[in-house]
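Q: Got data.pdb for you, PDB, C-alpha atoms and all ligand atoms:
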ATOM      1  CA  MET A   1     124.284  43.963 131.550
ATOM      2  CA  HIS A   2     121.885  42.274 133.911
ATOM      3  CA  PHE A   3     119.361  44.553 135.531
ATOM      4  CA  ILE A   4     115.700  44.884 136.324
ATOM      5  CA  ASP A   5     113.485  47.833 135.472
ATOM      6  CA  SER A   6     111.348  47.803 138.574
ATOM      7  CA  ILE A   7     111.696  46.444 142.091
ATOM      8  CA  ALA A   8     108.442  44.607 141.348
ATOM      9  CA  GLU A   9     110.547  42.155 139.348
ATOM     10  CA  ALA A  10     112.471  41.243 142.518
ATOM     11  CA  VAL A  11     109.322  40.029 144.289
ATOM     12  CA  GLY A  12     109.039  36.257 144.720
ATOM     13  CA  ASN A  13     111.387  33.462 143.635
ATOM     14  CA  THR A  14     112.774  33.421 147.165
ATOM     15  CA  PRO A  15     115.310  30.740 148.164
ATOM     16  CA  LEU A  16     114.406  27.502 149.915
ATOM     17  CA  LEU A  17     116.955  26.860 152.673
ATOM     18  CA  LYS A  18     117.489  23.536 154.428
ATOM     19  CA  LEU A  19     117.684  24.157 158.190
ATOM     20  CA  SER A  20     120.529  22.195 159.774
ATOM     21  CA  ARG A  21     121.955  24.252 162.618
ATOM     22  CA  ILE A  22     118.953  24.191 164.944
ATOM     23  CA  ASN A  23     117.698  20.892 166.385
ATOM     24  CA  ILE A  24     115.579  19.147 163.781
ATOM     25  CA  PRO A  25     113.899  15.861 164.827
ATOM     26  CA  ARG A  26     116.083  13.031 163.544
ATOM     27  CA  GLY A  27     115.480  11.715 160.073
ATOM     28  CA  HIS A  28     113.287  14.622 158.935
ATOM     29  CA  ASN A  29     114.093  17.644 156.770
ATOM     30  CA  ILE A  30     112.775  21.133 157.417
ATOM     31  CA  PHE A  31     113.192  23.673 154.646
ATOM     32  CA  ALA A  32     112.659  27.411 155.172
ATOM     33  CA  LYS A  33     110.933  29.355 152.392
ATOM     34  CA  CYS A  34     112.727  32.681 152.761
ATOM     35  CA  GLU A  35     109.865  35.099 152.190
ATOM     36  CA  PHE A  36     111.623  37.658 154.382
ATOM     37  CA  LEU A  37     113.992  38.212 151.436
ATOM     38  CA  ASN A  38     111.290  39.902 149.371
ATOM     39  CA  PRO A  39     112.234  43.562 148.741
ATOM     40  CA  GLY A  40     109.691  44.977 151.208
ATOM     41  CA  GLY A  41     110.772  42.419 153.792
ATOM     42  CA  SER A  42     107.802  40.070 153.700
ATOM     43  CA  VAL A  43     105.644  37.556 151.875
ATOM     44  CA  LYS A  44     103.086  40.341 151.480
ATOM     45  CA  ASP A  45     104.975  41.958 148.593
ATOM     46  CA  ARG A  46     103.519  39.189 146.452
ATOM     47  CA  ILE A  47      99.927  40.177 147.170
ATOM     48  CA  GLY A  48     100.568  43.928 147.300
ATOM     49  CA  PHE A  49     101.544  43.954 143.634
ATOM     50  CA  HIS A  50      99.098  41.267 142.512
ATOM     51  CA  MET A  51      95.985  42.774 144.126
ATOM     52  CA  VAL A  52      96.754  46.194 142.590
ATOM     53  CA  GLU A  53      97.438  44.747 139.131
ATOM     54  CA  CYS A  54      94.196  42.739 139.222
ATOM     55  CA  ALA A  55      92.175  45.761 140.375
ATOM     56  CA  GLU A  56      93.618  47.765 137.484
ATOM     57  CA  ARG A  57      92.721  45.023 135.032
ATOM     58  CA  GLU A  58      89.190  44.824 136.436
ATOM     59  CA  GLY A  59      88.776  48.625 136.158
ATOM     60  CA  LYS A  60      88.423  49.069 139.940
ATOM     61  CA  LEU A  61      91.281  51.567 140.177
ATOM     62  CA  THR A  62      91.871  54.798 138.290
ATOM     63  CA  LYS A  63      95.224  56.594 138.237
ATOM     64  CA  GLY A  64      95.850  58.751 141.282
ATOM     65  CA  GLN A  65      93.040  57.108 143.259
ATOM     66  CA  LEU A  66      93.355  56.289 146.934
ATOM     67  CA  ILE A  67      93.925  52.661 147.954
ATOM     68  CA  VAL A  68      92.795  51.848 151.508
ATOM     69  CA  GLU A  69      93.834  48.714 153.365
ATOM     70  CA  ALA A  70      93.468  47.198 156.821
ATOM     71  CA  THR A  71      96.829  45.683 157.627
ATOM     72  CA  GLY A  72      99.073  44.100 160.222
ATOM     73  CA  GLY A  73     101.744  46.189 158.523
ATOM     74  CA  ASN A  74     103.392  43.969 155.970
ATOM     75  CA  THR A  75     100.620  44.190 153.395
ATOM     76  CA  GLY A  76     100.752  47.948 153.872
ATOM     77  CA  ILE A  77     104.448  47.889 152.975
ATOM     78  CA  GLY A  78     103.859  45.710 149.879
ATOM     79  CA  LEU A  79     100.943  47.874 148.768
ATOM     80  CA  ALA A  80     102.934  51.073 149.374
ATOM     81  CA  MET A  81     105.617  49.818 146.993
ATOM     82  CA  ALA A  82     103.026  48.933 144.345
ATOM     83  CA  ALA A  83     101.160  52.239 144.861
ATOM     84  CA  ASN A  84     104.339  54.278 144.376
ATOM     85  CA  LEU A  85     105.346  52.527 141.189
ATOM     86  CA  LYS A  86     101.864  52.644 139.703
ATOM     87  CA  GLY A  87     100.806  56.139 140.768
ATOM     88  CA  TYR A  88      98.276  55.662 143.575
ATOM     89  CA  LYS A  89      97.935  57.060 147.063
ATOM     90  CA  LEU A  90      97.656  54.658 149.988
ATOM     91  CA  LEU A  91      96.100  54.796 153.438
ATOM     92  CA  CYS A  92      96.912  51.948 155.839
ATOM     93  CA  VAL A  93      94.635  51.354 158.825
ATOM     94  CA  MET A  94      96.035  49.200 161.634
ATOM     95  CA  THR A  95      95.727  48.573 165.352
ATOM     96  CA  GLU A  96      98.193  49.747 167.963
ATOM     97  CA  LYS A  97      99.586  46.190 168.131
ATOM     98  CA  VAL A  98     101.569  46.940 164.968
ATOM     99  CA  GLY A  99     105.169  47.856 165.880
ATOM    100  CA  LYS A 100     106.403  51.421 165.329
ATOM    101  CA  LYS A 101     109.100  50.256 162.908
ATOM    102  CA  LYS A 102     106.497  48.897 160.528
ATOM    103  CA  VAL A 103     104.357  52.031 160.743
ATOM    104  CA  GLY A 104     107.496  54.095 160.098
ATOM    105  CA  LEU A 105     108.386  52.065 157.027
ATOM    106  CA  MET A 106     104.911  52.534 155.541
ATOM    107  CA  ARG A 107     105.342  56.282 156.015
ATOM    108  CA  ILE A 108     108.848  56.287 154.526
ATOM    109  CA  LEU A 109     107.306  54.638 151.476
ATOM    110  CA  GLY A 110     104.793  57.495 151.265
ATOM    111  CA  ALA A 111     101.689  55.892 152.775
ATOM    112  CA  GLU A 112      99.320  57.676 155.087
ATOM    113  CA  THR A 113      98.816  55.669 158.302
ATOM    114  CA  LEU A 114      95.993  55.529 160.807
ATOM    115  CA  VAL A 115      96.520  53.609 164.047
ATOM    116  CA  VAL A 116      93.276  52.721 165.852
ATOM    117  CA  PRO A 117      92.546  50.871 169.115
ATOM    118  CA  GLY A 118      92.649  47.068 168.941
ATOM    119  CA  GLY A 119      90.600  44.540 170.877
ATOM    120  CA  LYS A 120      87.337  45.056 168.912
ATOM    121  CA  THR A 121      85.377  42.152 167.509
ATOM    122  CA  ILE A 122      84.770  41.847 163.769
ATOM    123  CA  ASP A 123      81.072  42.732 164.159
ATOM    124  CA  ASP A 124      81.996  46.051 165.812
ATOM    125  CA  ASP A 125      81.946  49.136 163.511
ATOM    126  CA  GLU A 126      85.164  50.248 165.189
ATOM    127  CA  HIS A 127      87.089  47.063 164.273
ATOM    128  CA  TYR A 128      90.045  48.261 162.199
ATOM    129  CA  ILE A 129      88.871  46.405 159.078
ATOM    130  CA  ASN A 130      85.412  48.018 159.293
ATOM    131  CA  GLN A 131      87.014  51.413 159.838
ATOM    132  CA  ALA A 132      89.167  50.933 156.728
ATOM    133  CA  LYS A 133      86.102  49.963 154.664
ATOM    134  CA  ARG A 134      84.205  53.020 155.886
ATOM    135  CA  ILE A 135      87.075  55.397 155.091
ATOM    136  CA  ALA A 136      87.450  53.882 151.618
ATOM    137  CA  LYS A 137      83.786  54.730 150.925
ATOM    138  CA  GLU A 138      84.020  58.216 152.416
ATOM    139  CA  ARG A 139      87.151  59.081 150.432
ATOM    140  CA  ASP A 140      86.131  57.414 147.188
ATOM    141  CA  GLY A 141      88.998  54.974 147.557
ATOM    142  CA  TRP A 142      89.447  51.343 146.600
ATOM    143  CA  PHE A 143      89.452  48.953 149.562
ATOM    144  CA  ALA A 144      92.079  46.319 148.780
ATOM    145  CA  GLY A 145      90.562  43.918 151.344
ATOM    146  CA  GLN A 146      93.241  41.237 151.731
ATOM    147  CA  PHE A 147      90.969  39.194 154.054
ATOM    148  CA  GLU A 148      88.249  38.880 151.397
ATOM    149  CA  ASN A 149      90.035  39.530 148.101
ATOM    150  CA  SER A 150      90.500  36.227 146.263
ATOM    151  CA  HIS A 151      93.444  37.720 144.357
ATOM    152  CA  ASN A 152      95.372  37.414 147.625
ATOM    153  CA  SER A 153      95.323  33.612 147.662
ATOM    154  CA  GLU A 154      95.554  33.627 143.857
ATOM    155  CA  ALA A 155      98.972  35.340 144.113
ATOM    156  CA  HIS A 156     100.186  32.362 146.150
ATOM    157  CA  TYR A 157      98.447  29.855 143.868
ATOM    158  CA  GLN A 158     100.270  31.386 140.911
ATOM    159  CA  THR A 159     103.693  31.959 142.486
ATOM    160  CA  THR A 160     104.455  30.547 145.976
ATOM    161  CA  GLY A 161     102.863  27.151 145.284
ATOM    162  CA  PRO A 162     104.622  26.531 141.931
ATOM    163  CA  GLU A 163     107.952  27.737 143.379
ATOM    164  CA  LEU A 164     107.700  25.229 146.241
ATOM    165  CA  TRP A 165     106.747  22.412 143.903
ATOM    166  CA  GLU A 166     109.660  23.203 141.641
ATOM    167  CA  GLN A 167     112.212  23.814 144.426
ATOM    168  CA  THR A 168     111.377  20.511 146.150
ATOM    169  CA  GLY A 169     111.181  18.604 142.880
ATOM    170  CA  GLY A 170     107.651  17.625 143.964
ATOM    171  CA  LYS A 171     109.060  15.890 147.061
ATOM    172  CA  ILE A 172     107.316  18.111 149.586
ATOM    173  CA  ASP A 173     105.240  16.228 152.182
ATOM    174  CA  VAL A 174     104.090  19.029 154.467
ATOM    175  CA  LEU A 175     103.614  22.802 154.228
ATOM    176  CA  VAL A 176     103.560  24.677 157.536
ATOM    177  CA  ALA A 177     102.327  28.288 157.626
ATOM    178  CA  GLY A 178     100.362  30.654 159.786
ATOM    179  CA  ILE A 179      97.093  32.293 158.894
ATOM    180  CA  GLY A 180      96.887  36.046 158.879
ATOM    181  CA  THR A 181      94.522  36.281 155.950
ATOM    182  CA  GLY A 182      95.082  32.653 154.927
ATOM    183  CA  GLY A 183      96.283  33.699 151.476
ATOM    184  CA  THR A 184      99.591  31.858 151.762
ATOM    185  CA  ILE A 185      98.433  28.535 153.184
ATOM    186  CA  CYS A 186      95.222  28.294 151.127
ATOM    187  CA  GLY A 187      96.685  29.626 147.852
ATOM    188  CA  ALA A 188      99.999  27.745 147.864
ATOM    189  CA  GLY A 189      98.293  24.788 149.576
ATOM    190  CA  LYS A 190      95.630  24.519 146.851
ATOM    191  CA  TYR A 191      98.310  24.399 144.159
ATOM    192  CA  LEU A 192     100.310  21.764 146.019
ATOM    193  CA  LYS A 193      97.310  19.563 146.839
ATOM    194  CA  GLU A 194      96.257  19.661 143.180
ATOM    195  CA  ARG A 195      99.694  18.289 142.284
ATOM    196  CA  ASN A 196      99.653  15.713 145.095
ATOM    197  CA  PRO A 197      96.591  15.336 147.359
ATOM    198  CA  GLU A 198      98.780  13.572 149.942
ATOM    199  CA  ILE A 199     100.583  16.810 150.824
ATOM    200  CA  LYS A 200      99.548  17.955 154.304
ATOM    201  CA  LEU A 201      98.810  21.563 155.252
ATOM    202  CA  VAL A 202      99.692  22.395 158.850
ATOM    203  CA  LEU A 203      98.571  25.573 160.543
ATOM    204  CA  ALA A 204     100.957  27.181 163.036
ATOM    205  CA  ASP A 205      98.633  29.073 165.330
ATOM    206  CA  PRO A 206      99.726  31.310 168.213
ATOM    207  CA  LYS A 207      98.252  30.255 171.568
ATOM    208  CA  GLY A 208      95.486  32.788 172.108
ATOM    209  CA  SER A 209      94.306  32.726 168.484
ATOM    210  CA  LEU A 210      90.901  31.276 167.675
ATOM    211  CA  LEU A 211      91.746  29.842 164.272
ATOM    212  CA  GLY A 212      93.066  26.396 165.190
ATOM    213  CA  GLY A 213      90.271  24.484 166.909
ATOM    214  CA  TRP A 214      87.688  27.078 165.804
ATOM    215  CA  GLN A 215      84.669  24.963 166.743
ATOM    216  CA  GLU A 216      85.661  24.640 170.412
ATOM    217  CA  LYS A 217      87.250  28.044 170.854
ATOM    218  CA  LYS A 218      84.672  30.356 169.287
ATOM    219  CA  GLU A 219      82.357  30.028 172.320
ATOM    220  CA  ASN A 220      85.149  30.840 174.721
ATOM    221  CA  PRO A 221      87.564  33.349 173.167
ATOM    222  CA  PRO A 222      91.129  32.923 174.466
ATOM    223  CA  GLY A 223      93.357  35.773 175.575
ATOM    224  CA  PRO A 224      95.615  38.054 173.521
ATOM    225  CA  TYR A 225      99.025  37.013 172.213
ATOM    226  CA  LEU A 226     102.105  38.892 171.053
ATOM    227  CA  VAL A 227     103.221  37.356 167.770
ATOM    228  CA  GLU A 228     102.338  39.732 164.919
ATOM    229  CA  GLY A 229     100.802  38.864 161.584
ATOM    230  CA  ILE A 230      99.217  35.475 162.254
ATOM    231  CA  GLY A 231      96.297  34.040 164.200
ATOM    232  CA  GLY A 232      93.080  35.890 164.808
ATOM    233  CA  ASP A 233      89.593  35.952 166.220
ATOM    234  CA  PHE A 234      87.595  35.537 163.010
ATOM    235  CA  ILE A 235      87.853  33.344 159.933
ATOM    236  CA  PRO A 236      88.782  35.456 156.904
ATOM    237  CA  LYS A 237      86.491  34.972 153.877
ATOM    238  CA  ILE A 238      89.308  33.639 151.703
ATOM    239  CA  VAL A 239      90.127  30.867 154.190
ATOM    240  CA  ASP A 240      88.907  27.340 153.642
ATOM    241  CA  LEU A 241      89.610  25.666 156.999
ATOM    242  CA  SER A 242      88.656  22.274 155.557
ATOM    243  CA  MET A 243      91.948  22.306 153.622
ATOM    244  CA  ILE A 244      93.974  22.396 156.842
ATOM    245  CA  ASP A 245      95.024  18.903 157.928
ATOM    246  CA  LYS A 246      96.382  19.788 161.351
ATOM    247  CA  SER A 247      96.700  22.773 163.577
ATOM    248  CA  ILE A 248      99.511  23.226 166.116
ATOM    249  CA  GLU A 249      99.300  25.773 168.910
ATOM    250  CA  ILE A 250     102.519  27.612 169.823
ATOM    251  CA  THR A 251     103.014  29.872 172.852
ATOM    252  CA  ASP A 252     104.540  33.346 172.524
ATOM    253  CA  GLN A 253     107.407  32.135 174.711
ATOM    254  CA  ARG A 254     108.286  29.264 172.367
ATOM    255  CA  ALA A 255     107.836  31.382 169.201
ATOM    256  CA  ILE A 256     110.103  34.137 170.495
ATOM    257  CA  GLU A 257     112.691  31.673 171.829
ATOM    258  CA  LEU A 258     112.927  30.022 168.425
ATOM    259  CA  THR A 259     113.010  33.370 166.598
ATOM    260  CA  HIS A 260     116.169  34.220 168.573
ATOM    261  CA  GLU A 261     117.602  30.748 168.136
ATOM    262  CA  ILE A 262     117.291  30.773 164.355
ATOM    263  CA  ALA A 263     118.916  34.217 164.289
ATOM    264  CA  ARG A 264     121.916  32.962 166.288
ATOM    265  CA  LYS A 265     122.306  29.486 164.834
ATOM    266  CA  GLU A 266     121.077  29.769 161.246
ATOM    267  CA  SER A 267     121.812  33.524 160.838
ATOM    268  CA  LEU A 268     118.249  34.065 159.707
ATOM    269  CA  PHE A 269     116.984  37.423 160.916
ATOM    270  CA  VAL A 270     113.200  36.985 160.889
ATOM    271  CA  GLY A 271     110.060  37.994 162.776
ATOM    272  CA  GLY A 272     108.109  36.250 165.533
ATOM    273  CA  SER A 273     105.689  34.541 163.152
ATOM    274  CA  SER A 274     108.666  32.707 161.587
ATOM    275  CA  GLY A 275     109.653  31.409 165.042
ATOM    276  CA  CYS A 276     106.088  30.254 165.580
ATOM    277  CA  ILE A 277     105.958  28.481 162.212
ATOM    278  CA  VAL A 278     109.356  26.755 162.599
ATOM    279  CA  ALA A 279     108.318  25.670 166.111
ATOM    280  CA  ALA A 280     105.195  24.067 164.638
ATOM    281  CA  ALA A 281     107.250  22.363 161.902
ATOM    282  CA  ILE A 282     109.599  20.892 164.548
ATOM    283  CA  GLN A 283     106.657  19.709 166.681
ATOM    284  CA  TYR A 284     104.950  18.153 163.647
ATOM    285  CA  CYS A 285     108.099  16.162 162.792
ATOM    286  CA  ALA A 286     108.650  15.160 166.434
ATOM    287  CA  GLU A 287     105.087  13.793 166.720
ATOM    288  CA  SER A 288     104.949  12.110 163.314
ATOM    289  CA  THR A 289     105.010   8.323 163.053
ATOM    290  CA  LYS A 290     106.377   8.664 159.513
ATOM    291  CA  LYS A 291     110.055   8.757 158.605
ATOM    292  CA  GLY A 292     112.012  11.129 156.363
ATOM    293  CA  LEU A 293     109.433  13.872 155.958
ATOM    294  CA  ASN A 294     110.236  16.895 153.780
ATOM    295  CA  VAL A 295     108.571  19.781 155.573
ATOM    296  CA  VAL A 296     108.501  23.354 154.273
ATOM    297  CA  ALA A 297     108.081  26.169 156.787
ATOM    298  CA  ILE A 298     107.172  29.636 155.506
ATOM    299  CA  LEU A 299     109.350  32.393 157.031
ATOM    300  CA  PRO A 300     107.068  35.379 156.346
ATOM    301  CA  SER A 301     108.924  38.501 157.415
ATOM    302  CA  THR A 302     112.290  40.084 158.205
ATOM    303  CA  GLY A 303     113.544  40.761 161.728
ATOM    304  CA  HIS A 304     114.275  44.392 160.798
ATOM    305  CA  LEU A 305     110.581  45.110 161.320
ATOM    306  CA  TYR A 306     110.725  43.861 164.919
ATOM    307  CA  THR A 307     113.863  45.420 166.440
ATOM    308  CA  ASP A 308     111.582  47.441 168.754
ATOM    309  CA  THR A 309     109.532  44.376 169.764
ATOM    310  CA  VAL A 310     110.725  40.740 169.768
ATOM    311  CA  PHE A 311     114.388  41.794 169.486
ATOM    312  CA  ASP A 312     114.198  44.486 172.161
ATOM    313  CA  GLN A 313     115.233  43.227 175.608
ATOM    314  CA  GLN A 314     113.186  45.847 177.458
ATOM    315  CA  TRP A 315     110.083  45.038 175.454
ATOM    316  CA  LEU A 316     110.645  41.350 176.232
ATOM    317  CA  LYS A 317     111.328  41.966 179.945
ATOM    318  CA  ALA A 318     108.123  43.978 180.310
ATOM    319  CA  ARG A 319     106.304  40.888 179.066
ATOM    320  CA  ASN A 320     108.264  38.356 181.130
ATOM    321  CA  LEU A 321     109.858  36.965 177.994
ATOM    322  CA  ALA A 322     113.472  38.057 178.451
ATOM    323  CA  TYR A 323     115.819  36.014 176.307
ATOM    324  CA  GLU A 324     119.581  35.959 176.999
TER     325      GLU A 324
HETATM  326  C1  LIG B 401     104.408  38.616 159.716
HETATM  327  C2  LIG B 401     103.360  37.822 159.032
HETATM  328  N1  LIG B 401     103.430  36.507 159.041
HETATM  329  C3  LIG B 401     102.486  35.738 158.432
HETATM  330  C4  LIG B 401     101.404  36.287 157.809
HETATM  331  C5  LIG B 401     100.355  35.367 157.249
HETATM  332  O1  LIG B 401     100.172  35.398 155.881
HETATM  333  P1  LIG B 401      98.735  35.248 155.233
HETATM  334  O2  LIG B 401      98.029  36.571 155.388
HETATM  335  O3  LIG B 401      99.021  34.930 153.802
HETATM  336  O4  LIG B 401      97.972  34.190 155.939
HETATM  337  C6  LIG B 401     101.299  37.633 157.816
HETATM  338  C7  LIG B 401     100.119  38.243 157.275
HETATM  339  O5  LIG B 401      99.532  39.186 157.716
HETATM  340  C8  LIG B 401     102.281  38.441 158.426
HETATM  341  O6  LIG B 401     102.177  39.780 158.464
END
In structure tokens, write the structure found in this file.
Ligand SMILES: Cc1ncc(COP(=O)(O)O)c(C=O)c1O
A:
Amino acid sequence: MHFIDSIAEAVGNTPLLKLSRINIPRGHNIFAKCEFLNPGGSVKDRIGFHMVECAEREGKLTKGQLIVEATGGNTGIGLAMAANLKGYKLLCVMTEKVGKKKVGLMRILGAETLVVPGGKTIDDDEHYINQAKRIAKERDGWFAGQFENSHNSEAHYQTTGPELWEQTGGKIDVLVAGIGTGGTICGAGKYLKERNPEIKLVLADPKGSLLGGWQEKKENPPGPYLVEGIGGDFIPKIVDLSMIDKSIEITDQRAIELTHEIARKESLFVGGSSGCIVAAAIQYCAESTKKGLNVVAILPSTGHLYTDTVFDQQWLKARNLAYE
């Protein structure tokens, strides 16, 4: 018999798929790292389990204790799975930007959820991360802190990075990812650059985010954007922007267009951040003077979490983004 004892064992080791049905700039290869196939539907399952296991090892968590996290939703789902299996309670704090499907899934998995107003700056006590920290203190909980917890990027250094190196036989030239916390790009990127310093890290940043071009943009904050999970208006502590070789800005329109296109042509049902990241990978190849690049694009989350947002025609129409 072949079976696993815990769904935790199904996290990671996701397939690497060569994209060939959408238009890829001639002579280049774009490979999709299918993180949406993790059991909780996103790349964040990796850090949900790893951050909890490390906190246990470091004596920061005692059985039955409350875990508190500030999340765009996917980390909440990963943490909820880990909390259930390991006997902890979980409270997820998020802004109203997070789609109802994601909030519902956290609740199905047994997490308590608190949705607070968005649009606050990081130095405001009412910013959702500061609210989560405060509640953790008040309720004697452990604040998982994905934006500052080095075990987040460590999870990717230990798993995502080695998987990509192995799956590409070391022939990877470029890794394209977004930054939510930066765990994926900095953790996997560190591993890959240690193997081959010539590997380039490319940030796919939604237009409206401050992360790409931080120096120029921080004085003049751009407007909001719709893609969930990536981009932001502050640099998370675990991010080392000096590792990023290039940043490519992608509009909501382009990200959503490509999200639908990869669903219809490649049969990959993924979220808006995947569309944004593949769009950046295509643009990078199109602008490159090199030939025959092997580019890996991270596809962070499943489309099931966005059927009420980027896959809902009314939601799109209300935002002038209708897609036929
Ligand atoms: C949908 C989605 N895509 C991408 C990311 C980015 O991953 P990371 O936090 O590792 O930078 C996140 C993280 O919040 C996410 O939720």
Q: Can you tell me which residues sit at most 10 Å away from ligand LIG 401 (chain B), counting only C-alpha atoms and all ligand atoms, written as JSON, numbers by chain?
A: {"A": [35, 36, 41, 42, 43, 44, 46, 47, 71, 72, 73, 74, 75, 76, 98, 146, 147, 152, 153, 155, 156, 177, 178, 179, 180, 181, 182, 183, 184, 185, 186, 187, 188, 203, 204, 227, 228, 229, 230, 231, 236, 238, 239, 270, 271, 272, 273, 274, 276, 277, 298, 299, 300, 301, 302, 303, 305, 306]}
Q: Please provide as a VMD selection string all residues within 10 Å of Leu226 of chain A, with the sequence filter that same-chain residues fewer than 2 positions apart are discarded (counting all atoms listed in the file).
A: chain A and resid 97 206 to 208 224 228 to 230 251 to 253 255 to 256 272 to 273 309 to 310 319
Q: Please enumerate the residues selected by the PyMOL selection byres (((chain A and resi 49) around 10) and not hetatm) when evaluated against the supplied file, formatted as a ChimeraX atom specification.
A: /A:8,11,44-48,50-54,75,78-83,85-86,152,155
Q: So which residues get picked by the PyMOL selection byres (((chain A and resi 57-68) around 8) and not hetatm) here, written as a PyMOL selection string?
A: chain A and resi 53-56+69-70+83+86-93+132-133+135-136+139-144
Q: Report, in Å with one decimal, the straight-line distance from atom CA of Ile30 of chain A to atom CA of Lys102 of chain A.
A: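 If I compute the distance from atom CA of Ile30 of chain A to atom CA of Lys102 of chain A, I get 28.6 Å.
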Q: I'd like the interatomic distance between atom CA of Ala10 of chain A and atom CA of Ile172 of chain A, to a tenth of an Å.
A: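 That distance, rounded to one decimal, is 24.7 Å.
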Q: To one decimal in Å, tell me the separation between atom CA of Trp165 of chain A and atom CA of Ala280 of chain A.
A: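 Between these atoms lies a distance of 20.9 Å.
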